[in-house]
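Asker: target13.cif (mmCIF, C-alpha atoms) pasted underneath:
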```
data_model
#
loop_
_atom_site.group_PDB
_atom_site.id
_atom_site.type_symbol
_atom_site.label_atom_id
_atom_site.label_comp_id
_atom_site.auth_asym_id
_atom_site.auth_seq_id
_atom_site.Cartn_x
_atom_site.Cartn_y
_atom_site.Cartn_z
ATOM 1 C CA MET A 1008 11.590 64.621 42.913
ATOM 2 C CA ILE A 1009 12.151 61.666 45.258
ATOM 3 C CA LYS A 1010 10.444 59.305 42.783
ATOM 4 C CA THR A 1011 12.778 60.447 39.997
ATOM 5 C CA ILE A 1012 15.856 59.873 42.144
ATOM 6 C CA ARG A 1013 14.512 56.468 43.202
ATOM 7 C CA ALA A 1014 13.890 55.500 39.551
ATOM 8 C CA ILE A 1015 17.422 56.562 38.590
ATOM 9 C CA LEU A 1016 18.900 54.561 41.474
ATOM 10 C CA ILE A 1017 16.874 51.471 40.566
ATOM 11 C CA CYS A 1018 17.966 51.712 36.915
ATOM 12 C CA GLY A 1019 21.582 52.165 38.019
ATOM 13 C CA MET A 1020 21.292 49.145 40.299
ATOM 14 C CA ILE A 1021 19.858 46.972 37.511
ATOM 15 C CA ILE A 1022 22.657 47.968 35.131
ATOM 16 C CA GLY A 1023 25.247 47.507 37.879
ATOM 17 C CA LEU A 1024 24.006 44.033 38.814
ATOM 18 C CA SER A 1025 24.069 42.849 35.229
ATOM 19 C CA ALA A 1026 27.295 44.687 34.471
ATOM 20 C CA CYS A 1027 29.696 41.790 34.199
ATOM 21 C CA ALA A 1028 28.379 38.399 33.241
ATOM 22 C CA THR A 1029 30.597 35.574 32.060
ATOM 23 C CA THR A 1030 29.377 32.196 30.847
ATOM 24 C CA THR A 1031 31.814 29.373 30.171
ATOM 25 C CA VAL A 1032 31.182 26.164 28.239
ATOM 26 C CA GLU A 1033 33.981 23.640 28.636
ATOM 27 C CA GLY A 1034 34.650 20.309 26.933
ATOM 28 C CA ASP A 1035 36.555 17.295 28.167
ATOM 29 C CA GLY A 1036 39.725 17.930 26.165
ATOM 30 C CA GLN A 1037 43.056 19.276 27.277
ATOM 31 C CA LEU A 1038 44.281 22.846 27.400
ATOM 32 C CA THR A 1039 48.002 23.050 26.652
ATOM 33 C CA PRO A 1040 50.344 26.048 26.277
ATOM 34 C CA THR A 1041 50.354 25.458 22.504
ATOM 35 C CA SER A 1042 46.546 25.455 22.214
ATOM 36 C CA LYS A 1043 45.274 27.965 19.673
ATOM 37 C CA SER A 1044 43.006 30.663 21.122
ATOM 38 C CA GLY A 1045 41.282 33.855 20.080
ATOM 39 C CA THR A 1046 38.877 36.617 21.055
ATOM 40 C CA HIS A 1047 36.075 38.117 18.967
ATOM 41 C CA THR A 1048 33.468 40.774 19.705
ATOM 42 C CA VAL A 1049 30.131 39.799 18.187
ATOM 43 C CA HIS A 1050 27.701 42.571 17.268
ATOM 44 C CA GLY A 1051 24.174 41.138 17.229
ATOM 45 C CA SER A 1052 20.670 41.862 18.480
ATOM 46 C CA PHE A 1053 17.894 40.308 20.544
ATOM 47 C CA TYR A 1054 15.852 40.023 17.341
ATOM 48 C CA SER A 1055 17.879 37.217 15.713
ATOM 49 C CA PHE A 1056 20.097 39.132 13.346
ATOM 50 C CA VAL A 1057 23.822 39.824 13.455
ATOM 51 C CA TRP A 1058 25.312 43.221 12.537
ATOM 52 C CA SER A 1059 28.752 41.816 11.742
ATOM 53 C CA GLU A 1060 29.853 38.207 11.478
ATOM 54 C CA PRO A 1061 33.064 37.367 13.335
ATOM 55 C CA GLU A 1062 35.825 35.837 11.274
ATOM 56 C CA THR A 1063 35.644 32.046 11.148
ATOM 57 C CA THR A 1064 38.692 30.374 12.620
ATOM 58 C CA LYS A 1065 39.102 26.607 12.588
ATOM 59 C CA CYS A 1066 41.129 24.509 14.965
ATOM 60 C CA GLU A 1067 44.001 22.603 13.351
ATOM 61 C CA ASN A 1068 44.190 18.830 12.721
ATOM 62 C CA GLY A 1069 40.458 18.254 13.232
ATOM 63 C CA ARG A 1070 40.619 19.212 16.897
ATOM 64 C CA GLY A 1071 37.514 20.650 18.470
ATOM 65 C CA LEU A 1072 36.970 23.533 20.844
ATOM 66 C CA TYR A 1073 38.067 23.012 24.413
ATOM 67 C CA ARG A 1074 36.441 26.048 25.989
ATOM 68 C CA VAL A 1075 34.243 28.963 24.905
ATOM 69 C CA ARG A 1076 33.658 31.936 27.190
ATOM 70 C CA SER A 1077 30.986 34.580 26.572
ATOM 71 C CA HIS A 1078 31.449 37.909 28.381
ATOM 72 C CA THR A 1079 29.414 41.096 28.689
ATOM 73 C CA ASN A 1080 30.036 44.266 30.708
ATOM 74 C CA ALA A 1081 28.222 47.430 31.868
ATOM 75 C CA LEU A 1082 28.915 49.345 28.647
ATOM 76 C CA TYR A 1083 27.547 46.467 26.541
ATOM 77 C CA VAL A 1084 24.404 46.298 28.728
ATOM 78 C CA LEU A 1085 23.919 50.065 28.480
ATOM 79 C CA ALA A 1086 24.216 49.924 24.667
ATOM 80 C CA SER A 1087 21.655 47.099 24.615
ATOM 81 C CA ILE A 1088 19.195 49.031 26.789
ATOM 82 C CA ILE A 1089 19.542 52.300 24.877
ATOM 83 C CA SER A 1090 19.056 50.559 21.500
ATOM 84 C CA ILE A 1091 16.075 48.556 22.806
ATOM 85 C CA GLY A 1092 17.836 45.335 21.886
ATOM 86 C CA LEU A 1093 18.698 46.284 18.304
ATOM 87 C CA TYR A 1094 22.421 46.340 19.105
ATOM 88 C CA VAL A 1095 23.785 43.804 21.597
ATOM 89 C CA PRO A 1096 27.586 43.442 21.676
ATOM 90 C CA GLN A 1097 29.226 40.443 23.324
ATOM 91 C CA THR A 1098 32.832 39.248 23.608
ATOM 92 C CA LEU A 1099 33.647 35.611 22.889
ATOM 93 C CA GLU A 1100 36.910 33.905 23.849
ATOM 94 C CA TRP A 1101 37.735 30.424 22.578
ATOM 95 C CA TRP A 1102 40.469 27.815 22.974
ATOM 96 C CA CYS A 1103 41.178 24.786 20.784
ATOM 97 C CA ASP A 1104 41.664 21.325 22.229
ATOM 98 C CA GLY A 1105 45.369 20.656 22.796
ATOM 99 C CA LYS A 1106 45.204 16.845 22.905
ATOM 100 C CA PRO A 1107 47.122 14.809 20.321
ATOM 101 C CA ALA A 1108 45.517 13.626 17.087
ATOM 102 C CA GLN A 1109 42.646 11.133 17.337
ATOM 103 C CA ASP A 1110 43.201 7.536 18.272
ATOM 104 C CA GLU A 1111 42.671 5.030 15.432
ATOM 105 C CA ASN A 1112 39.749 3.392 17.295
ATOM 106 C CA GLU A 1113 38.052 6.689 18.107
ATOM 107 C CA LYS A 1114 35.347 7.722 15.678
ATOM 108 C CA PRO A 1115 35.140 11.457 14.916
ATOM 109 C CA TYR A 1116 31.865 13.206 15.677
ATOM 110 C CA HIS A 1117 30.147 14.717 12.641
ATOM 111 C CA PRO A 1118 26.910 16.598 13.378
ATOM 112 C CA ALA A 1119 23.947 15.963 11.110
ATOM 113 C CA PRO A 1120 23.415 18.633 8.423
#
```
As structure tokens, please, write out the structure in this file.
Answerer:
Amino acid sequence: MIKTIRAILICGMIIGLSACATTTVEGDGQLTPTSKSGTHTVHGSFYSFVWSEPETTKCENGRGLYRVRSHTNALYVLASIISIGLYVPQTLEWWCDGKPAQDENEKPYHPAP
């Protein structure tokens, strides 16, 4: 009986410790009050497939992303554990760069295909 209670407490502690995790990736642009932003919940898995693709939103005037924040919570972790990694939800928040249009001397970055 004590071992069962201990196992339940350890599982609860693991879920509680990983309950809220936020990761932020930030660029060197500017965030202004007029910057476009949005939030999407991505439904994926640990096995490299996505249940539902989020809508694709592009920043205006060729501006890039200023900041992207990935967030998970206790309910998301519990769903991931129960489904053995087949269903892993995650919330993404993003903000577009608010700086003015590119300078004439600045070359735009185009990633290789």
Asker: Applying 6 Å and all atoms listed in the file, which residues near Leu1099 (chain A) remain after dropping the ones on its own chain fewer than 5 positions away? List them as a list in words.
Answerer: Thr1046, His1047, Arg1076 and Ser1077 of chain A
Asker: With only C-alpha atoms as the basis for distance, which of A:Gln1097, A:Gly1051, A:Lys1043, A:Ile1091 is at the shortest distance from Thr1079 (chain A)?
Answerer: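 Answer, going by the shortest atom-to-atom distance: A:Gln1097.
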Asker: Using CA of Cys1066 (chain A) and CA of Pro1040 (chain A) as the two end points, give the distance in Å to one decimal.
Answerer: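 Value for the CA of Cys1066 (chain A)-CA of Pro1040 (chain A) distance: 14.7 Å.
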Asker: What does the structure give for the distance between CA of Leu1038 (chain A) and CA of Thr1064 (chain A), in Å to one decimal?
Answerer: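 If I compute the distance from CA of Leu1038 (chain A) to CA of Thr1064 (chain A), I get 17.5 Å.
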Asker: Work out how far apart CA of Cys1103 (chain A) and CA of Leu1072 (chain A) are and give it in Å to one decimal.
Answerer: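 It comes out at 4.4 Å.
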Asker: With all atoms listed in the file as the counted atoms, please give the residues lying no more than 9 Å from Ser1042 (chain A), apart from itself and same-chain residues fewer than 6 positions off, as a PyMOL selection string.
Answerer: chain A and resi 1102-1106
Asker: Applied to the shown file, which residues does the PyMOL selection byres ((chain A and resi 1094) around 8) return, written as a PyMOL selection string?
Answerer: chain A and resi 1050-1053+1058+1086-1087+1090-1093+1095-1096
Asker: For Ala1028 (chain A), which of A:Thr1041, A:Thr1011, A:Thr1098, A:Asn1080 is the closest residue, counting all atoms listed in the file?
Answerer: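 Residue with the minimum atom-to-atom distance to Ala1028 (chain A): A:Asn1080.
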Asker: Which one is closest to Gly1036 (chain A): A:Gly1071, A:Ile1089, A:Cys1018, A:Trp1101? Count only C-alpha atoms.
Answerer: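 Closest residue, counting only C-alpha atoms: A:Gly1071.
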Asker: Using all atoms listed in the file, find the one residue out of A:His1078, A:Arg1070, A:Lys1065, A:Lys1010 that sits nearest to Cys1027 (chain A).
Answerer: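 Going through A:His1078, A:Arg1070, A:Lys1065, A:Lys1010 one by one, the smallest distance to Cys1027 (chain A) is for A:His1078.
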Asker: For Thr1030 (chain A), which residue out of A:Met1008, A:Ile1017, A:Val1075, A:Val1057 is the nearest one, using only C-alpha atoms?
Answerer: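 Result for the nearest residue to Thr1030 (chain A): A:Val1075.
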Asker: To box region 1095-1104 of chain A, take all atoms listed in the file, fit an axis-aligned box, add 6 Å on each side, and give centre and edge lengths in Å to one decimal, as AutoDock Vina command-line options.
Answerer:
```
--center_x 32.7 --center_y 32.6 --center_z 22.3 --size_x 29.9 --size_y 34.5 --size_z 15.1
```
Asker: Limit the output to C-alpha atoms and give region 1036-1106 of chain A as a PDB file, in the first residue's frame.
Answerer:
```
ATOM      1  CA  GLY A1036      13.956  43.246 -34.455  1.00  0.00           C
ATOM      2  CA  GLN A1037      11.568  45.626 -32.789  1.00  0.00           C
ATOM      3  CA  LEU A1038       8.256  44.924 -31.115  1.00  0.00           C
ATOM      4  CA  THR A1039       5.827  47.804 -31.609  1.00  0.00           C
ATOM      5  CA  PRO A1040       2.163  48.221 -30.602  1.00  0.00           C
ATOM      6  CA  THR A1041       1.191  47.725 -34.261  1.00  0.00           C
ATOM      7  CA  SER A1042       3.126  44.452 -34.620  1.00  0.00           C
ATOM      8  CA  LYS A1043       0.958  41.604 -35.870  1.00  0.00           C
ATOM      9  CA  SER A1044       0.676  38.664 -33.460  1.00  0.00           C
ATOM     10  CA  GLY A1045      -1.204  35.414 -33.073  1.00  0.00           C
ATOM     11  CA  THR A1046      -1.638  32.228 -31.069  1.00  0.00           C
ATOM     12  CA  HIS A1047      -2.052  28.682 -32.380  1.00  0.00           C
ATOM     13  CA  THR A1048      -2.388  25.327 -30.639  1.00  0.00           C
ATOM     14  CA  VAL A1049      -0.430  22.673 -32.512  1.00  0.00           C
ATOM     15  CA  HIS A1050      -1.568  19.061 -32.213  1.00  0.00           C
ATOM     16  CA  GLY A1051       1.393  16.783 -32.952  1.00  0.00           C
ATOM     17  CA  SER A1052       3.194  13.734 -31.600  1.00  0.00           C
ATOM     18  CA  PHE A1053       6.630  12.595 -30.473  1.00  0.00           C
ATOM     19  CA  TYR A1054       6.741  10.337 -33.539  1.00  0.00           C
ATOM     20  CA  SER A1055       7.167  13.088 -36.162  1.00  0.00           C
ATOM     21  CA  PHE A1056       3.642  13.514 -37.422  1.00  0.00           C
ATOM     22  CA  VAL A1057       1.163  16.338 -36.932  1.00  0.00           C
ATOM     23  CA  TRP A1058      -2.550  15.725 -36.266  1.00  0.00           C
ATOM     24  CA  SER A1059      -3.630  19.154 -37.500  1.00  0.00           C
ATOM     25  CA  GLU A1060      -1.589  21.807 -39.259  1.00  0.00           C
ATOM     26  CA  PRO A1061      -1.980  25.323 -37.863  1.00  0.00           C
ATOM     27  CA  GLU A1062      -3.075  27.973 -40.311  1.00  0.00           C
ATOM     28  CA  THR A1063      -0.158  29.664 -42.056  1.00  0.00           C
ATOM     29  CA  THR A1064       0.024  33.372 -41.368  1.00  0.00           C
ATOM     30  CA  LYS A1065       2.641  35.570 -43.004  1.00  0.00           C
ATOM     31  CA  CYS A1066       4.031  38.819 -41.707  1.00  0.00           C
ATOM     32  CA  GLU A1067       3.328  41.841 -43.910  1.00  0.00           C
ATOM     33  CA  ASN A1068       5.845  43.730 -46.094  1.00  0.00           C
ATOM     34  CA  GLY A1069       8.473  40.973 -45.974  1.00  0.00           C
ATOM     35  CA  ARG A1070       9.035  41.410 -42.250  1.00  0.00           C
ATOM     36  CA  GLY A1071      10.202  38.413 -40.290  1.00  0.00           C
ATOM     37  CA  LEU A1072       9.201  37.032 -36.924  1.00  0.00           C
ATOM     38  CA  TYR A1073      10.344  38.969 -33.897  1.00  0.00           C
ATOM     39  CA  ARG A1074       9.510  36.431 -31.211  1.00  0.00           C
ATOM     40  CA  VAL A1075       8.078  32.909 -30.995  1.00  0.00           C
ATOM     41  CA  ARG A1076       6.999  31.431 -27.670  1.00  0.00           C
ATOM     42  CA  SER A1077       6.201  27.741 -27.161  1.00  0.00           C
ATOM     43  CA  HIS A1078       4.112  26.870 -24.086  1.00  0.00           C
ATOM     44  CA  THR A1079       2.907  23.645 -22.492  1.00  0.00           C
ATOM     45  CA  ASN A1080       0.932  23.031 -19.293  1.00  0.00           C
ATOM     46  CA  ALA A1081      -0.053  20.184 -16.933  1.00  0.00           C
ATOM     47  CA  LEU A1082      -3.080  19.144 -19.002  1.00  0.00           C
ATOM     48  CA  TYR A1083      -0.958  18.965 -22.173  1.00  0.00           C
ATOM     49  CA  VAL A1084       1.674  16.859 -20.349  1.00  0.00           C
ATOM     50  CA  LEU A1085      -1.008  14.538 -18.969  1.00  0.00           C
ATOM     51  CA  ALA A1086      -2.488  14.053 -22.464  1.00  0.00           C
ATOM     52  CA  SER A1087       1.002  13.276 -23.788  1.00  0.00           C
ATOM     53  CA  ILE A1088       1.674  10.706 -21.059  1.00  0.00           C
ATOM     54  CA  ILE A1089      -1.701   8.982 -21.372  1.00  0.00           C
ATOM     55  CA  SER A1090      -1.388   8.718 -25.180  1.00  0.00           C
ATOM     56  CA  ILE A1091       2.214   7.467 -24.936  1.00  0.00           C
ATOM     57  CA  GLY A1092       3.362  10.348 -27.106  1.00  0.00           C
ATOM     58  CA  LEU A1093       0.840   9.851 -29.910  1.00  0.00           C
ATOM     59  CA  TYR A1094      -0.899  13.134 -29.069  1.00  0.00           C
ATOM     60  CA  VAL A1095       1.222  16.062 -27.873  1.00  0.00           C
ATOM     61  CA  PRO A1096      -0.514  19.464 -27.862  1.00  0.00           C
ATOM     62  CA  GLN A1097       1.492  22.676 -27.621  1.00  0.00           C
ATOM     63  CA  THR A1098       0.569  26.368 -27.786  1.00  0.00           C
ATOM     64  CA  LEU A1099       2.613  28.699 -29.976  1.00  0.00           C
ATOM     65  CA  GLU A1100       2.515  32.497 -29.760  1.00  0.00           C
ATOM     66  CA  TRP A1101       4.229  34.643 -32.381  1.00  0.00           C
ATOM     67  CA  TRP A1102       4.884  38.321 -33.074  1.00  0.00           C
ATOM     68  CA  CYS A1103       5.975  39.951 -36.334  1.00  0.00           C
ATOM     69  CA  ASP A1104       8.874  42.375 -36.502  1.00  0.00           C
ATOM     70  CA  GLY A1105       7.605  45.951 -36.185  1.00  0.00           C
ATOM     71  CA  LYS A1106      10.617  47.715 -37.726  1.00  0.00           C
TER      72      LYS A1106
END
```
